[in-house]
Each structure stands twice: as C-alpha cells, then as structure tokens.
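S.K.: This is coords.tsv (TSV, C-alpha atoms (C1' of nucleotides)).
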chain	number	residue	atom	x	y	z
A	1	MET	CA	0.00	0.00	0.00
A	2	SER	CA	2.84	2.36	0.61
A	3	ASP	CA	5.39	2.96	-2.10
A	4	LEU	CA	7.45	5.04	0.28
A	5	LEU	CA	7.48	2.21	2.79
A	6	GLU	CA	8.54	-0.26	0.11
A	7	ARG	CA	11.41	1.95	-0.98
A	8	LEU	CA	12.59	2.37	2.57
A	9	ARG	CA	12.42	-1.32	3.27
A	10	GLY	CA	14.38	-1.92	0.09
A	11	ARG	CA	17.17	0.20	1.48
A	12	GLY	CA	17.61	-2.10	4.43
A	13	TRP	CA	15.84	0.13	6.85
A	14	ARG	CA	15.10	-1.54	10.11
A	15	MET	CA	11.33	-1.55	10.21
A	16	THR	CA	9.54	-0.50	13.35
A	17	ALA	CA	5.95	0.34	14.10
A	18	GLN	CA	6.92	3.99	14.54
A	19	ARG	CA	8.66	4.28	11.20
A	20	ARG	CA	5.84	2.54	9.46
A	21	VAL	CA	3.33	4.97	10.91
A	22	VAL	CA	5.38	8.03	9.94
A	23	ALA	CA	5.77	6.74	6.40
A	24	GLU	CA	2.06	6.02	6.15
A	25	VAL	CA	1.13	9.48	7.34
A	26	LEU	CA	3.47	11.11	4.87
A	27	ASP	CA	2.39	8.94	1.99
A	28	GLY	CA	-1.28	9.71	2.52
A	29	ASP	CA	-3.05	12.43	0.63
A	30	HIS	CA	-2.04	15.17	3.00
A	31	MET	CA	0.92	16.87	1.42
A	32	HIS	CA	3.37	19.32	2.93
A	33	LEU	CA	2.78	18.59	6.57
A	34	THR	CA	4.96	20.07	9.28
A	35	ALA	CA	6.83	17.74	11.62
A	36	ASP	CA	4.36	18.46	14.39
A	37	GLU	CA	1.42	17.79	12.09
A	38	VAL	CA	2.99	14.49	11.15
A	39	HIS	CA	3.42	13.78	14.83
A	40	ALA	CA	-0.22	14.61	15.56
A	41	ARG	CA	-1.44	12.24	12.86
A	42	ALA	CA	1.03	9.58	13.90
A	43	VAL	CA	-0.19	9.74	17.48
A	44	ALA	CA	-3.69	9.00	16.24
A	45	LYS	CA	-2.44	5.68	14.90
A	46	LEU	CA	0.17	4.89	17.54
A	47	PRO	CA	-0.52	6.88	20.70
A	48	GLU	CA	2.83	6.37	22.39
A	49	ILE	CA	5.03	7.60	19.54
A	50	SER	CA	7.30	10.41	20.69
A	51	ARG	CA	8.04	13.70	19.05
A	52	ALA	CA	11.76	12.99	18.92
A	53	THR	CA	11.13	9.82	16.95
A	54	VAL	CA	9.04	11.64	14.39
A	55	TYR	CA	11.75	14.28	13.97
A	56	ASN	CA	14.45	11.63	13.70
A	57	THR	CA	12.50	9.55	11.24
A	58	LEU	CA	11.67	12.50	9.02
A	59	GLY	CA	15.32	13.53	9.09
A	60	GLU	CA	16.40	10.06	8.05
A	61	MET	CA	13.94	9.96	5.19
A	62	VAL	CA	15.28	13.29	4.00
A	63	THR	CA	18.85	11.99	4.21
A	64	LEU	CA	17.86	8.95	2.17
A	65	GLY	CA	16.37	11.25	-0.43
A	66	GLU	CA	12.90	9.76	-0.14
A	67	VAL	CA	11.36	12.92	1.23
A	68	ILE	CA	12.07	16.58	0.60
A	69	GLU	CA	12.22	19.34	3.17
A	70	VAL	CA	10.40	22.50	2.18
A	71	SER	CA	10.74	25.83	3.97
A	72	THR	CA	8.21	28.08	2.36
A	73	ASP	CA	7.55	30.26	5.33
A	74	ARG	CA	9.72	30.99	8.31
A	75	ARG	CA	7.72	28.80	10.57
A	76	ALA	CA	8.12	25.05	10.55
A	77	LYS	CA	9.74	22.98	7.84
A	78	ARG	CA	7.32	20.94	5.79
A	79	TYR	CA	7.87	17.49	4.38
A	80	ASP	CA	7.08	16.53	0.82
A	81	PRO	CA	7.01	12.83	-0.05
A	82	ASN	CA	6.98	13.66	-3.76
A	83	ALA	CA	10.77	13.35	-3.94
A	84	HIS	CA	11.02	11.45	-7.19
A	85	GLN	CA	9.43	14.00	-9.45
A	86	PRO	CA	11.36	17.26	-9.64
A	87	HIS	CA	9.11	20.18	-8.89
A	88	GLN	CA	9.01	23.60	-7.32
A	89	HIS	CA	6.50	25.29	-5.04
A	90	LEU	CA	3.90	28.01	-5.30
A	91	VAL	CA	2.91	29.55	-2.00
A	92	CYS	CA	0.08	31.85	-1.02
A	93	ALA	CA	1.51	34.84	0.80
A	94	LEU	CA	-1.64	35.18	2.88
A	95	CYS	CA	-2.84	31.73	3.91
A	96	GLY	CA	0.31	29.73	3.27
A	97	ALA	CA	-1.32	27.23	0.92
A	98	ILE	CA	1.25	25.31	-1.10
A	99	ARG	CA	0.98	23.80	-4.58
A	100	ASP	CA	3.55	21.75	-6.42
A	101	VAL	CA	4.36	23.34	-9.77
A	102	HIS	CA	6.50	22.44	-12.76
A	103	PRO	CA	8.12	25.44	-14.40
A	104	THR	CA	9.55	25.15	-17.86
A	105	GLY	CA	13.23	25.79	-18.38
A	106	ASN	CA	16.16	24.86	-16.22
A	107	PRO	CA	17.13	27.49	-13.66
A	108	LEU	CA	20.51	25.82	-13.15
A	109	ALA	CA	21.40	26.75	-16.70
A	110	ASP	CA	20.49	30.36	-15.94
A	111	LEU	CA	23.43	30.81	-13.60
A	112	PRO	CA	26.48	31.73	-15.69
A	113	ALA	CA	29.89	30.41	-14.65
A	114	ALA	CA	30.96	33.96	-13.83
A	115	GLU	CA	28.21	34.08	-11.22
A	116	ARG	CA	29.19	30.84	-9.52
A	117	PHE	CA	32.21	32.12	-7.61
A	118	GLY	CA	33.92	28.76	-7.75
A	119	PHE	CA	31.01	26.96	-6.14
A	120	THR	CA	30.06	23.49	-7.31
A	121	VAL	CA	26.37	24.20	-7.81
A	122	SER	CA	24.26	21.09	-7.48
A	123	ASP	CA	20.75	22.16	-6.77
A	124	VAL	CA	18.30	24.98	-7.17
A	125	GLU	CA	15.11	25.66	-5.33
A	126	VAL	CA	12.46	27.99	-6.72
A	127	THR	CA	9.60	29.37	-4.68
A	128	TYR	CA	6.85	31.35	-6.38
A	129	ARG	CA	4.78	33.61	-4.18
A	130	GLY	CA	1.39	35.11	-4.80
A	131	ILE	CA	-2.22	35.20	-3.69
A	132	CYS	CA	-4.37	32.13	-4.02
A	133	PRO	CA	-7.91	32.31	-5.47
A	134	ASP	CA	-9.55	31.85	-2.08
A	135	CYS	CA	-7.62	34.70	-0.49
A	136	ALA	CA	-8.18	36.90	-3.53
A	137	LYS	CA	-11.94	36.58	-3.01
A	138	ALA	CA	-11.90	37.57	0.64
B	1	MET	CA	27.47	58.11	5.13
B	2	SER	CA	24.53	55.81	5.06
B	3	ASP	CA	22.30	55.63	2.02
B	4	LEU	CA	19.93	53.35	3.84
B	5	LEU	CA	19.64	55.86	6.66
B	6	GLU	CA	18.95	58.68	4.21
B	7	ARG	CA	16.20	56.74	2.51
B	8	LEU	CA	14.56	55.92	5.81
B	9	ARG	CA	14.72	59.51	6.98
B	10	GLY	CA	13.16	60.53	3.69
B	11	ARG	CA	10.17	58.37	4.47
B	12	GLY	CA	9.40	60.34	7.59
B	13	TRP	CA	10.83	57.80	9.95
B	14	ARG	CA	11.24	59.10	13.46
B	15	MET	CA	14.97	58.94	13.94
B	16	THR	CA	16.35	57.43	17.12
B	17	ALA	CA	19.80	56.37	18.18
B	18	GLN	CA	18.69	52.72	18.07
B	19	ARG	CA	17.38	52.89	14.53
B	20	ARG	CA	20.44	54.71	13.37
B	21	VAL	CA	22.68	52.03	14.80
B	22	VAL	CA	20.71	49.19	13.24
B	23	ALA	CA	20.78	50.89	9.86
B	24	GLU	CA	24.50	51.48	10.16
B	25	VAL	CA	25.19	47.87	11.04
B	26	LEU	CA	23.15	46.63	8.12
B	27	ASP	CA	24.63	49.06	5.69
B	28	GLY	CA	28.19	48.11	6.60
B	29	ASP	CA	30.15	45.56	4.64
B	30	HIS	CA	28.74	42.63	6.56
B	31	MET	CA	26.02	41.19	4.40
B	32	HIS	CA	23.34	38.68	5.29
B	33	LEU	CA	23.45	38.98	9.04
B	34	THR	CA	20.90	37.30	11.25
B	35	ALA	CA	18.80	39.40	13.59
B	36	ASP	CA	20.88	38.31	16.55
B	37	GLU	CA	24.10	39.10	14.73
B	38	VAL	CA	22.75	42.56	13.99
B	39	HIS	CA	21.87	42.85	17.65
B	40	ALA	CA	25.37	41.81	18.73
B	41	ARG	CA	26.98	44.42	16.48
B	42	ALA	CA	24.47	47.05	17.52
B	43	VAL	CA	25.21	46.43	21.17
B	44	ALA	CA	28.86	47.17	20.49
B	45	LYS	CA	27.86	50.65	19.39
B	46	LEU	CA	24.97	51.24	21.75
B	47	PRO	CA	25.20	48.89	24.72
B	48	GLU	CA	21.70	49.33	26.02
B	49	ILE	CA	19.84	48.51	22.81
B	50	SER	CA	17.36	45.69	23.30
B	51	ARG	CA	16.75	42.64	21.22
B	52	ALA	CA	13.08	43.52	20.70
B	53	THR	CA	14.04	46.85	19.21
B	54	VAL	CA	16.39	45.23	16.73
B	55	TYR	CA	13.69	42.77	15.69
B	56	ASN	CA	11.13	45.56	15.40
B	57	THR	CA	13.43	47.80	13.45
B	58	LEU	CA	14.45	45.09	11.01
B	59	GLY	CA	10.82	44.18	10.53
B	60	GLU	CA	9.94	47.78	9.76
B	61	MET	CA	12.74	48.12	7.26
B	62	VAL	CA	11.49	44.98	5.53
B	63	THR	CA	7.96	46.39	5.45
B	64	LEU	CA	9.25	49.59	3.93
B	65	GLY	CA	11.02	47.56	1.29
B	66	GLU	CA	14.46	48.87	2.18
B	67	VAL	CA	15.76	45.52	3.34
B	68	ILE	CA	15.05	41.96	2.21
B	69	GLU	CA	14.53	38.94	4.39
B	70	VAL	CA	16.42	35.86	3.29
B	71	SER	CA	15.81	32.34	4.60
B	72	THR	CA	18.52	30.24	3.10
B	73	ASP	CA	18.75	27.71	5.85
B	74	ARG	CA	16.16	26.71	8.39
B	75	ARG	CA	17.87	28.58	11.13
B	76	ALA	CA	17.51	32.30	11.50
B	77	LYS	CA	16.29	34.72	8.88
B	78	ARG	CA	19.01	36.89	7.41
B	79	TYR	CA	18.71	40.51	6.37
B	80	ASP	CA	19.99	41.83	3.08
B	81	PRO	CA	20.24	45.60	2.64
B	82	ASN	CA	20.73	45.18	-1.11
B	83	ALA	CA	17.00	45.62	-1.72
B	84	HIS	CA	17.19	47.86	-4.73
B	85	GLN	CA	19.02	45.52	-7.04
B	86	PRO	CA	17.08	42.33	-7.87
B	87	HIS	CA	19.19	39.28	-7.17
B	88	GLN	CA	19.09	35.71	-5.99
B	89	HIS	CA	21.27	33.74	-3.60
B	90	LEU	CA	23.88	31.03	-3.82
B	91	VAL	CA	24.42	29.11	-0.60
B	92	CYS	CA	27.12	26.68	0.49
B	93	ALA	CA	25.45	23.53	1.77
B	94	LEU	CA	28.31	22.94	4.21
B	95	CYS	CA	29.34	26.23	5.75
B	96	GLY	CA	26.29	28.33	4.90
B	97	ALA	CA	28.23	31.05	3.08
B	98	ILE	CA	25.95	33.22	0.97
B	99	ARG	CA	26.68	35.09	-2.25
B	100	ASP	CA	24.38	37.36	-4.19
B	101	VAL	CA	24.01	36.15	-7.77
B	102	HIS	CA	22.29	37.42	-10.89
B	103	PRO	CA	20.89	34.62	-13.04
B	104	THR	CA	19.93	35.30	-16.62
B	105	GLY	CA	16.35	34.77	-17.68
B	106	ASN	CA	13.14	35.45	-15.83
B	107	PRO	CA	11.85	32.58	-13.72
B	108	LEU	CA	8.42	34.20	-13.48
B	109	ALA	CA	8.04	33.67	-17.21
B	110	ASP	CA	8.85	29.99	-16.74
B	111	LEU	CA	5.64	29.30	-14.86
B	112	PRO	CA	2.90	28.63	-17.43
B	113	ALA	CA	-0.62	29.82	-16.73
B	114	ALA	CA	-1.74	26.20	-16.44
B	115	GLU	CA	0.63	25.80	-13.50
B	116	ARG	CA	-0.61	28.83	-11.61
B	117	PHE	CA	-3.85	27.34	-10.27
B	118	GLY	CA	-5.56	30.71	-10.27
B	119	PHE	CA	-2.89	32.33	-8.09
B	120	THR	CA	-1.84	35.90	-8.73
B	121	VAL	CA	1.88	35.24	-8.82
B	122	SER	CA	3.88	38.29	-7.88
B	123	ASP	CA	7.30	37.13	-6.84
B	124	VAL	CA	9.82	34.38	-7.21
B	125	GLU	CA	12.75	33.47	-5.06
B	126	VAL	CA	15.59	31.30	-6.34
B	127	THR	CA	18.16	29.67	-4.10
B	128	TYR	CA	21.10	27.87	-5.62
B	129	ARG	CA	22.87	25.34	-3.43
B	130	GLY	CA	26.31	23.87	-3.76
B	131	ILE	CA	29.74	23.62	-2.21
B	132	CYS	CA	31.93	26.69	-1.92
B	133	PRO	CA	35.61	26.61	-2.89
B	134	ASP	CA	36.79	26.69	0.72
B	135	CYS	CA	34.68	23.70	1.73
B	136	ALA	CA	35.64	21.83	-1.45
B	137	LYS	CA	39.29	22.07	-0.41
B	138	ALA	CA	38.79	20.69	3.07
C	1	DT	C1'	15.70	-18.40	21.68
C	2	DC	C1'	19.14	-15.18	22.81
C	3	DC	C1'	22.17	-11.17	21.76
C	4	DT	C1'	23.34	-7.01	20.32
C	5	DA	C1'	23.22	-3.05	17.87
C	6	DC	C1'	20.01	0.06	16.52
C	7	DA	C1'	15.72	2.52	17.57
C	8	DA	C1'	12.35	4.86	20.67
C	9	DT	C1'	11.29	7.43	24.68
C	10	DG	C1'	10.49	11.67	27.25
C	11	DG	C1'	12.00	15.42	29.19
C	12	DA	C1'	15.31	19.05	29.38
C	13	DC	C1'	17.43	22.31	26.63
C	14	DA	C1'	18.57	25.82	22.88
C	15	DC	C1'	17.43	28.97	19.40
C	16	DT	C1'	14.52	32.24	17.13
C	17	DG	C1'	11.08	35.25	17.38
C	18	DT	C1'	6.82	37.70	19.60
C	19	DC	C1'	4.35	40.09	23.09
C	20	DT	C1'	3.32	43.24	26.91
C	21	DA	C1'	3.38	46.81	30.34
C	22	DA	C1'	5.89	50.44	31.76
C	23	DG	C1'	9.16	53.91	31.05
C	24	DT	C1'	11.48	57.24	27.63
C	25	DC	C1'	12.12	60.46	24.11
C	26	DA	C1'	11.79	62.90	19.27
C	27	DA	C1'	9.62	66.38	17.22
C	28	DG	C1'	5.95	69.71	16.59
C	29	DC	C1'	3.78	73.63	18.83
C	30	DG	C1'	3.06	77.45	21.46
D	1	DC	C1'	12.90	77.10	24.76
D	2	DG	C1'	10.08	74.11	27.29
D	3	DC	C1'	5.68	71.32	27.04
D	4	DT	C1'	2.91	67.65	25.22
D	5	DT	C1'	1.93	63.65	23.00
D	6	DG	C1'	2.17	59.62	20.82
D	7	DA	C1'	5.55	56.83	18.92
D	8	DC	C1'	9.60	54.26	20.43
D	9	DT	C1'	12.39	51.37	23.61
D	10	DT	C1'	13.04	48.27	27.22
D	11	DA	C1'	13.37	43.86	29.90
D	12	DG	C1'	11.78	39.85	30.46
D	13	DA	C1'	8.25	36.42	29.98
D	14	DC	C1'	6.43	33.49	26.66
D	15	DA	C1'	5.67	30.43	22.43
D	16	DG	C1'	6.96	27.49	18.53
D	17	DT	C1'	10.29	24.57	16.52
D	18	DG	C1'	13.87	21.59	16.76
D	19	DT	C1'	17.87	18.94	19.18
D	20	DC	C1'	20.12	16.21	22.67
D	21	DC	C1'	20.85	12.68	26.00
D	22	DA	C1'	20.47	8.86	29.14
D	23	DT	C1'	17.59	5.20	29.57
D	24	DT	C1'	14.62	1.58	27.96
D	25	DG	C1'	12.90	-1.32	24.31
D	26	DT	C1'	13.14	-4.31	20.28
D	27	DA	C1'	14.12	-6.09	15.30
D	28	DG	C1'	16.45	-9.31	13.16
D	29	DG	C1'	20.41	-12.26	12.73
D	30	DA	C1'	23.28	-16.18	14.91
Taking this structure as input, can you express it in the form of structure tokens?

M.R.:
Amino acid sequence: MSDLLERLRGRGWRMTAQRRVVAEVLDGDHMHLTADEVHARAVAKLPEISRATVYNTLGEMVTLGEVIEVSTDRRAKRYDPNAHQPHQHLVCALCGAIRDVHPTGNPLADLPAAERFGFTVSDVEVTYRGICPDCAKA
Amino acid sequence: MSDLLERLRGRGWRMTAQRRVVAEVLDGDHMHLTADEVHARAVAKLPEISRATVYNTLGEMVTLGEVIEVSTDRRAKRYDPNAHQPHQHLVCALCGAIRDVHPTGNPLADLPAAERFGFTVSDVEVTYRGICPDCAKA
DNA sequence: TCCTACAATGGACACTGTCTAAGTCAAGCG
DNA sequence: CGCTTGACTTAGACAGTGTCCATTGTAGGA
C-alpha cells in the first residue's frame, strides 16, 4: 500500500511500528505537513510515539532522499514525499497554501559560470509567491 | 554616510539612536546577518539597545522595502540591505556562506498559466545550493 | 531463543522570534 | 525654549520549533 514504505524497506531500513506509521502518514493524501502535524497524525495511529522519533524519522527519510524538506515560510519545515518527481512550489503569501508546480526551463542553466564564484552548484530551489484564489476573493 | 539611513529619513521615519545604529550595522560591509548578529553588532555601538528593538526595526525596514529577508537555511532569517538591485542567492550547503548572484532569464516567465492554479503570482525566489571553494578544499 | 546493535522514549534544553506593560524620548507647537 | 503627546524602547516572559541525552525497548540475525 505504501510505495514510500517499500522503498525504505528496500534500502535495508530496520522496520519498526513507529517508522511505518510516519511513512504512512506522509504517503497519505495530506501533502506538505509540518513535523508536528505528522506527529499529531502519527499519534492518532500509535498513541505512544514520541516527538523525537518523528523528527528523527523525518530527518532520516530526507537523508535517504525519499522525502524533501520545504521551507516556504519561516515557521516550521514541511515534508514533501513527492521526492522522485522534480518540482518547485507556489505559496500563497496570505494563507500559506502550497501547490507543487512544474516550471519550464532549467534554472541551473540560468546561472552563468561567472556568477558561480567557484562553487560546485548542485541544486536549485524555486519558490513562487502570490495570492491564491480563495484569499483573492476575501 | 549611510544611504539606507537617508532613505529611511526621507520616508518620515522618526529617527532614534537605536534605529540609526541598526541601519549602520546593516549598511556596513557585513552582508546577510541574522537578527541576533545585527543585535550583537548594535550592542557594540549602543550597549543598552534591546533585542526587541532590533527585531522591530528590522521588521519595519522589511515592510518599507528597504531591506530583504532571506531564509537560506532553516535557522535564523538573514537581512539583506541590497534591496534595490534584484538578485538571488547562492548558498554553500556545508558552511552556509551566501553570495548574491544574478541569473539570466526570468523565472516568473517559466511558470505557465496552467501551472498557476488561479494564483496571482507576484514574486519568485531562487536559491542555488552547492559547495563553496573553501569547503571543497577541506 | 538469545544477543546485540540500533531505535524509541520523554523530558530538558537551545534557538529564534513575539508580546506586553511600563518607562522614555523625538519632534511639533506654542 | 520648554511642554505635550504619541511613537519608540526596554526587559523579560512566553511560544513554537527543533535537538540532545540517558535510559529503555526491540528487530532481526546467529
């Protein structure tokens, strides 16, 4: 039922009830949850799971590249299980709603060598900001 | 001596020793300071300045559009006085060093209408990540 | 089944930022 | 030049997010 879970198991992850629950929460239809939101949902399935475990588990999934960390606002990090399809984010400046988007072009190619200052540039993160339809109405 | 200070005064800002010091710190050659770093440098010039005042003052300068908030890592926000020249940021994934960069192209144009989901998109923020020359050596 | 290394727990701690009530002061006005 | 007033500053408490650590538990191999 859980692709994420399968991938993690395939990497030799030691499987525990806690990790299973965190993976299930993330792989559900609720995208872009914060760590504490993940914890809240995990507690509903496994009441004794601790906050530290959720943080650790999320961190490990990020390290393994199965989950992406998103910091769209300056509050909590959010976790995006959609790690295997490159995408960027569109954020509502008022309500914080987040959508995955797929811009054309390759921003990496837009950074000339002269602007790289000797860095080995490996990644680029693009965040679009605007007002969502719901907030525009109100 | 301080362009930033002049611009703020021109907007009818009530001038106080605290605000002057914060503006001077920001407008110095130290770019991309965190709020607490600004506070530390401000204290050196005006020992009794409080943390709340630094936070307030930075927030007001952001609101006025004279300073930009940058969140390159998930730690503290950083403040960039280079608000009048559009630019993006290049960040070292290891040491956190930040450079201002000027990519070619216009990322806003790379987001097709079909990918905007009814949002009024007004801004885009691009963060390049990589390894800086110093960290590559070590 | 038993062992052992890895994982989970929970509570303290640190960092960043916000809020509030009270005191202070810049700047306009007489 | 001093008064008045409302904006500004202060100190410290508080809140949200995330990390650490010592202890306890357990998955999975021998």

S.K.: Please report as a PDB file with C-alpha atoms (C1' of nucleotides), in the frame of the given file which residues of chain C come no farther than 9 Å from chain A, using only C-alpha atoms (C1' of nucleotides).

M.R.:
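And here's iface.pdb as it stands now:
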ATOM      1  C1'  DC C   6      20.010   0.060  16.520  1.00  0.00           C
ATOM      2  C1'  DA C   7      15.720   2.520  17.570  1.00  0.00           C
ATOM      3  C1'  DA C   8      12.350   4.860  20.670  1.00  0.00           C
ATOM      4  C1'  DT C   9      11.290   7.430  24.680  1.00  0.00           C
ATOM      5  C1'  DG C  10      10.490  11.670  27.250  1.00  0.00           C
TER       6       DG C  10
END

S.K.: I want to know what sits within 10 Å of DC21 in chain D, based on all atoms listed in the file, with residues of the same chain fewer than 2 positions away left out; could you give that as a list of chain:residue names?

M.R.: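 With the cut-off at 10 Å, the set is C:DG11, C:DA12, D:DT19, D:DT23.
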
S.K.: Expressed in Å to a single decimal, how great is the separation between CA of Leu108 in chain A and CA of Pro86 in chain B?

M.R.: 17.7 Å

S.K.: Find the distance between CA of Ala44 in chain A and CA of Ala76 in chain A and write it in Å to one decimal.

M.R.: 20.7 Å

S.K.: Name the residues within 12 Å of (13.0, 25.5, 28.3), counting all atoms listed in the file in the file's coordinates, and put them as an MDAnalysis selection string.

M.R.: (chainID C and resid 11:15) or (chainID D and resid 14:16)

S.K.: Which value, in Å to one decimal, gives the distance between CA of Cys135 in chain B and CA of Pro107 in chain A?

M.R.: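 CA of Cys135 in chain B sits 23.6 Å away from CA of Pro107 in chain A.
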
S.K.: Would you mind telling me which residue in A:Ala42, A:Ala35, A:Val91, A:Val25 lies nearest to chain D when using all atoms listed in the file?

M.R.: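 For chain D, the nearest of the candidates is A:Ala35.
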
S.K.: Tell me which of A:Gly59, A:Gly10, A:Gly65, A:Pro47 sits closest to chain D, counting all atoms listed in the file.

M.R.: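 Comparing A:Gly59, A:Gly10, A:Gly65, A:Pro47 against chain D, the winner is A:Gly59.
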
S.K.: Listing only residues of chain A within 8 Å of chain B, what is the closest atom pair and its distance in Å (to one decimal) for each, using all atoms listed in the file, sorted by chain and residue number ascending, as a Markdown table?

M.R.:
| residue | atom | partner | partner_atom | distance |
| --- | --- | --- | --- | --- |
| A:Ser71 | CA | B:Arg74 | CA | 7.0 |
| A:Arg74 | CA | B:Ser71 | CA | 7.3 |
| A:Lys77 | CA | B:Arg74 | CA | 7.4 |
| A:Leu90 | CA | B:Arg116 | CA | 7.8 |
| A:Cys92 | CA | B:Phe119 | CA | 7.7 |
| A:Val101 | CA | B:Glu115 | CA | 5.8 |
| A:His102 | CA | B:Glu115 | CA | 6.8 |
| A:Pro103 | CA | B:Leu111 | CA | 4.6 |
| A:Thr104 | CA | B:Asp110 | CA | 5.0 |
| A:Gly105 | CA | B:Asp110 | CA | 6.3 |
| A:Pro107 | CA | B:Pro107 | CA | 7.3 |
| A:Leu108 | CA | B:Tyr128 | CA | 7.8 |
| A:Asp110 | CA | B:Thr104 | CA | 5.0 |
| A:Leu111 | CA | B:Pro103 | CA | 4.6 |
| A:Pro112 | CA | B:Pro103 | CA | 6.8 |
| A:Glu115 | CA | B:Val101 | CA | 5.8 |
| A:Arg116 | CA | B:Val101 | CA | 7.6 |
| A:Phe117 | CA | B:Cys132 | CA | 7.9 |
| A:Gly118 | CA | B:Pro133 | CA | 5.6 |
| A:Phe119 | CA | B:Cys132 | CA | 4.3 |
| A:Thr120 | CA | B:Ile131 | CA | 5.1 |
| A:Val121 | CA | B:Gly130 | CA | 4.1 |
| A:Ser122 | CA | B:Gly130 | CA | 5.1 |
| A:Asp123 | CA | B:Arg129 | CA | 5.1 |
| A:Val124 | CA | B:Tyr128 | CA | 4.3 |
| A:Glu125 | CA | B:Thr127 | CA | 5.2 |
| A:Val126 | CA | B:Val126 | CA | 4.6 |
| A:Thr127 | CA | B:Glu125 | CA | 5.2 |
| A:Tyr128 | CA | B:Val124 | CA | 4.3 |
| A:Arg129 | CA | B:Asp123 | CA | 5.1 |
| A:Gly130 | CA | B:Val121 | CA | 4.1 |
| A:Ile131 | CA | B:Thr120 | CA | 5.1 |
| A:Cys132 | CA | B:Phe119 | CA | 4.3 |
| A:Pro133 | CA | B:Gly118 | CA | 5.6 |

S.K.: Add whatever atoms are absent from range 46-60 of chain B to reach N, CA and C atoms, and provide the output as a PDB file, in the frame of the given file.

M.R.:
ATOM      1  N   LEU B  46      25.997  50.634  20.908  1.00  0.00           N
ATOM      2  CA  LEU B  46      24.970  51.240  21.750  1.00  0.00           C
ATOM      3  C   LEU B  46      24.553  50.178  22.750  1.00  0.00           C
ATOM      4  N   PRO B  47      25.304  50.051  23.832  1.00  0.00           N
ATOM      5  CA  PRO B  47      25.200  48.890  24.720  1.00  0.00           C
ATOM      6  C   PRO B  47      23.806  48.592  25.237  1.00  0.00           C
ATOM      7  N   GLU B  48      22.972  49.601  25.372  1.00  0.00           N
ATOM      8  CA  GLU B  48      21.700  49.330  26.020  1.00  0.00           C
ATOM      9  C   GLU B  48      20.562  49.004  25.031  1.00  0.00           C
ATOM     10  N   ILE B  49      20.901  48.816  23.764  1.00  0.00           N
ATOM     11  CA  ILE B  49      19.840  48.510  22.810  1.00  0.00           C
ATOM     12  C   ILE B  49      19.291  47.108  23.069  1.00  0.00           C
ATOM     13  N   SER B  50      17.975  46.972  22.966  1.00  0.00           N
ATOM     14  CA  SER B  50      17.360  45.690  23.300  1.00  0.00           C
ATOM     15  C   SER B  50      17.109  44.855  22.059  1.00  0.00           C
ATOM     16  N   ARG B  51      16.976  43.574  22.309  1.00  0.00           N
ATOM     17  CA  ARG B  51      16.750  42.640  21.220  1.00  0.00           C
ATOM     18  C   ARG B  51      15.422  42.944  20.509  1.00  0.00           C
ATOM     19  N   ALA B  52      14.395  43.250  21.300  1.00  0.00           N
ATOM     20  CA  ALA B  52      13.080  43.520  20.700  1.00  0.00           C
ATOM     21  C   ALA B  52      13.167  44.687  19.733  1.00  0.00           C
ATOM     22  N   THR B  53      13.929  45.684  20.081  1.00  0.00           N
ATOM     23  CA  THR B  53      14.040  46.850  19.210  1.00  0.00           C
ATOM     24  C   THR B  53      14.709  46.481  17.889  1.00  0.00           C
ATOM     25  N   VAL B  54      15.736  45.650  17.963  1.00  0.00           N
ATOM     26  CA  VAL B  54      16.390  45.230  16.730  1.00  0.00           C
ATOM     27  C   VAL B  54      15.412  44.450  15.853  1.00  0.00           C
ATOM     28  N   TYR B  55      14.678  43.539  16.458  1.00  0.00           N
ATOM     29  CA  TYR B  55      13.690  42.770  15.690  1.00  0.00           C
ATOM     30  C   TYR B  55      12.645  43.710  15.088  1.00  0.00           C
ATOM     31  N   ASN B  56      12.135  44.624  15.903  1.00  0.00           N
ATOM     32  CA  ASN B  56      11.130  45.560  15.400  1.00  0.00           C
ATOM     33  C   ASN B  56      11.679  46.375  14.247  1.00  0.00           C
ATOM     34  N   THR B  57      12.857  46.910  14.440  1.00  0.00           N
ATOM     35  CA  THR B  57      13.430  47.800  13.450  1.00  0.00           C
ATOM     36  C   THR B  57      13.690  47.064  12.140  1.00  0.00           C
ATOM     37  N   LEU B  58      14.230  45.866  12.228  1.00  0.00           N
ATOM     38  CA  LEU B  58      14.450  45.090  11.010  1.00  0.00           C
ATOM     39  C   LEU B  58      13.126  44.810  10.318  1.00  0.00           C
ATOM     40  N   GLY B  59      12.125  44.452  11.108  1.00  0.00           N
ATOM     41  CA  GLY B  59      10.820  44.180  10.530  1.00  0.00           C
ATOM     42  C   GLY B  59      10.249  45.400   9.814  1.00  0.00           C
ATOM     43  N   GLU B  60      10.451  46.564  10.392  1.00  0.00           N
ATOM     44  CA  GLU B  60       9.940  47.780   9.760  1.00  0.00           C
ATOM     45  C   GLU B  60      10.684  48.089   8.464  1.00  0.00           C
TER      46      GLU B  60
END
